[in-house]
file run_15.csv (CSV, C-alpha atoms)
chain,number,residue,atom,x,y,z
A,1,MET,CA,86.3,81.5,76.9
A,2,ARG,CA,83.5,79.0,77.1
A,3,ASP,CA,83.7,76.3,74.4
A,4,ALA,CA,81.5,73.5,75.7
A,5,ALA,CA,77.7,73.5,75.2
A,6,ILE,CA,75.2,72.2,77.7
A,7,ASN,CA,71.6,72.0,76.4
A,8,LEU,CA,68.5,71.2,78.4
A,9,ARG,CA,64.7,71.5,78.1
A,10,ALA,CA,62.5,73.1,80.7
A,11,ARG,CA,58.9,73.9,81.1
A,12,PRO,CA,58.0,77.5,80.4
A,13,VAL,CA,57.2,78.1,84.1
A,14,GLN,CA,60.6,76.8,85.0
A,15,ARG,CA,62.3,79.0,82.4
A,16,ASP,CA,60.4,82.0,83.7
A,17,LEU,CA,61.4,81.3,87.3
A,18,ILE,CA,65.0,81.0,86.3
A,19,ASP,CA,64.9,84.1,84.2
A,20,HIS,CA,63.3,86.1,87.0
A,21,ALA,CA,65.9,85.0,89.5
A,22,ALA,CA,68.7,85.7,87.1
A,23,LYS,CA,67.3,89.2,86.4
A,24,VAL,CA,67.2,89.9,90.2
A,25,LEU,CA,70.9,89.1,90.4
A,26,GLY,CA,71.7,91.1,87.2
A,27,LYS,CA,72.8,88.0,85.3
A,28,ASN,CA,71.7,86.3,82.1
A,29,ARG,CA,70.0,82.9,82.1
A,30,SER,CA,73.2,81.0,81.1
A,31,ASP,CA,75.4,82.6,83.7
A,32,PHE,CA,72.8,82.1,86.4
A,33,MET,CA,72.2,78.4,85.5
A,34,LEU,CA,75.9,77.7,85.2
A,35,GLU,CA,76.7,79.2,88.5
A,36,ALA,CA,73.8,77.4,90.2
A,37,ALA,CA,74.7,74.1,88.7
A,38,CYS,CA,78.4,74.4,89.7
A,39,ASP,CA,77.4,75.4,93.2
A,40,ARG,CA,75.2,72.3,93.5
A,41,ALA,CA,77.9,70.1,91.9
A,42,ARG,CA,80.5,71.2,94.4
A,43,SER,CA,78.1,70.5,97.3
A,44,VAL,CA,77.4,67.0,96.0
A,45,LEU,CA,81.0,66.3,95.6
A,46,LEU,CA,82.0,67.6,99.0
A,47,ASP,CA,79.5,65.2,100.5
A,48,GLN,CA,81.2,62.3,98.8
A,49,VAL,CA,84.5,62.5,100.6
A,50,PHE,CA,86.4,59.2,100.8
A,51,PHE,CA,88.9,58.5,103.6
A,52,ASN,CA,91.4,55.8,102.9
A,53,LEU,CA,93.1,55.0,106.2
A,54,ASP,CA,95.1,52.1,107.5
A,55,ASP,CA,93.7,50.3,110.6
A,56,ALA,CA,95.8,52.3,113.1
A,57,ARG,CA,94.8,55.7,111.6
A,58,PHE,CA,91.2,54.6,111.3
A,59,GLN,CA,91.1,53.6,115.0
A,60,SER,CA,92.6,57.0,115.9
A,61,PHE,CA,90.0,58.8,113.7
A,62,VAL,CA,87.2,56.9,115.4
A,63,GLN,CA,88.6,57.7,118.9
A,64,MET,CA,88.6,61.4,118.0
A,65,LEU,CA,85.0,61.2,116.8
A,66,ASP,CA,83.9,59.4,119.9
A,67,ALA,CA,85.8,61.6,122.4
A,68,PRO,CA,83.8,64.0,124.5
A,69,VAL,CA,83.6,67.5,123.1
A,70,ALA,CA,85.8,70.1,124.9
A,71,PRO,CA,84.0,73.0,126.4
A,72,ASN,CA,83.7,75.9,124.1
A,73,VAL,CA,82.7,79.2,125.8
A,74,ALA,CA,82.2,81.1,122.5
A,75,LEU,CA,79.9,78.4,121.1
A,76,GLU,CA,77.9,78.3,124.3
A,77,ARG,CA,77.5,82.0,124.2
A,78,LEU,CA,76.4,81.9,120.6
A,79,MET,CA,73.9,79.1,121.2
A,80,ALA,CA,72.4,81.2,124.1
A,81,VAL,CA,71.4,84.0,121.8
A,82,ARG,CA,67.8,84.0,120.7
A,83,PRO,CA,67.4,84.3,117.0
A,84,VAL,CA,65.7,87.5,115.8
A,85,TRP,CA,63.0,85.5,114.0
A,86,GLN,CA,61.8,83.8,117.2
A,87,ALA,CA,59.3,85.7,119.3
A,88,ALA,CA,60.5,87.0,122.7

call {"tool": "encode", "arguments": {"input": "run_15.csv", "output": "structure tokens"}}
result
Amino acid sequence: MRDAAINLRARPVQRDLIDHAAKVLGKNRSDFMLEAACDRARSVLLDQVFFNLDDARFQSFVQMLDAPVAPNVALERLMAVRPVWQAA
């Protein structure tokens, strides 16, 4: 059960856009906005990861980042495929 209110003001054109998108997904405005806001919040927080490492582990981490990439046949095959949206 939801028990915390979140209020905001929007321009009519913004409200109409949100309502239209919510309707397309079969959701109401509140559910649509809450889901969209939570998705964005997760994305922002995932970009803010903090690594707390001692000197030895940090050097090991840096060495892994700087090491040459191992060959990956599956990735090479995937990258060789022309996307359907590009002209032949």

call {"tool": "closest_residue", "arguments": {"input": "run_15.csv", "among": "A:Glu76, A:Asp66, A:Arg82, A:Met33", "to": "Ala21 of chain A", "atoms": "all atoms listed in the file"}}
result
A:Met33

call {"tool": "residues_around", "arguments": {"input": "run_15.csv", "residues": "Ala36 of chain A", "least_positions_apart": "4", "cutoff": "12 Å", "atoms": "only C-alpha atoms", "output": "PyMOL selection string"}}
result
chain A and resi 18+21-22+27+29-32+40-43

call {"tool": "atom_distance", "arguments": {"input": "run_15.csv", "atom1": "atom CA of Asp16 of chain A", "atom2": "atom CA of Leu45 of chain A"}}
result
28.5 Å

call {"tool": "atom_distance", "arguments": {"input": "run_15.csv", "atom1": "atom CA of Leu65 of chain A", "atom2": "atom CA of Leu53 of chain A"}}
result
14.7 Å

call {"tool": "build_atoms", "arguments": {"input": "run_15.csv", "residues": "segment 40-55 of chain A", "atoms": "N, CA and C atoms", "output": "mmCIF file, in the frame of the given file"}}
result
data_model
loop_
_atom_site.group_PDB
_atom_site.id
_atom_site.type_symbol
_atom_site.label_atom_id
_atom_site.label_comp_id
_atom_site.auth_asym_id
_atom_site.auth_seq_id
_atom_site.Cartn_x
_atom_site.Cartn_y
_atom_site.Cartn_z
ATOM 1 N N ARG A 40 75.852 73.546 93.080
ATOM 2 C CA ARG A 40 75.200 72.300 93.500
ATOM 3 C C ARG A 40 76.206 71.120 93.265
ATOM 4 N N ALA A 41 76.929 71.130 92.166
ATOM 5 C CA ALA A 41 77.900 70.100 91.900
ATOM 6 C C ALA A 41 78.984 70.028 92.964
ATOM 7 N N ARG A 42 79.487 71.199 93.348
ATOM 8 C CA ARG A 42 80.500 71.200 94.400
ATOM 9 C C ARG A 42 79.939 70.675 95.708
ATOM 10 N N SER A 43 78.712 71.034 96.038
ATOM 11 C CA SER A 43 78.100 70.500 97.300
ATOM 12 C C SER A 43 77.948 69.028 97.249
ATOM 13 N N VAL A 44 77.496 68.479 96.145
ATOM 14 C CA VAL A 44 77.400 67.000 96.000
ATOM 15 C C VAL A 44 78.718 66.350 96.174
ATOM 16 N N LEU A 45 79.719 66.872 95.501
ATOM 17 C CA LEU A 45 81.000 66.300 95.600
ATOM 18 C C LEU A 45 81.671 66.369 96.927
ATOM 19 N N LEU A 46 81.455 67.465 97.612
ATOM 20 C CA LEU A 46 82.000 67.600 99.000
ATOM 21 C C LEU A 46 81.382 66.637 99.941
ATOM 22 N N ASP A 47 80.143 66.212 99.670
ATOM 23 C CA ASP A 47 79.500 65.200 100.500
ATOM 24 C C ASP A 47 79.964 63.805 100.238
ATOM 25 N N GLN A 48 80.757 63.629 99.212
ATOM 26 C CA GLN A 48 81.200 62.300 98.800
ATOM 27 C C GLN A 48 82.681 62.078 99.107
ATOM 28 N N VAL A 49 83.126 62.578 100.218
ATOM 29 C CA VAL A 49 84.500 62.500 100.600
ATOM 30 C C VAL A 49 84.855 61.031 101.003
ATOM 31 N N PHE A 50 85.941 60.515 100.520
ATOM 32 C CA PHE A 50 86.400 59.200 100.800
ATOM 33 C C PHE A 50 87.664 59.229 101.638
ATOM 34 N N PHE A 51 87.669 58.569 102.787
ATOM 35 C CA PHE A 51 88.900 58.500 103.600
ATOM 36 C C PHE A 51 89.494 57.118 103.450
ATOM 37 N N ASN A 52 90.721 57.071 103.006
ATOM 38 C CA ASN A 52 91.400 55.800 102.900
ATOM 39 C C ASN A 52 92.497 55.771 103.966
ATOM 40 N N LEU A 53 92.209 55.042 105.045
ATOM 41 C CA LEU A 53 93.100 55.000 106.200
ATOM 42 C C LEU A 53 93.488 53.559 106.500
ATOM 43 N N ASP A 54 94.713 53.382 106.982
ATOM 44 C CA ASP A 54 95.100 52.100 107.500
ATOM 45 C C ASP A 54 94.388 51.830 108.806
ATOM 46 N N ASP A 55 94.477 50.617 109.348
ATOM 47 C CA ASP A 55 93.700 50.300 110.600
ATOM 48 C C ASP A 55 94.073 51.186 111.748
#
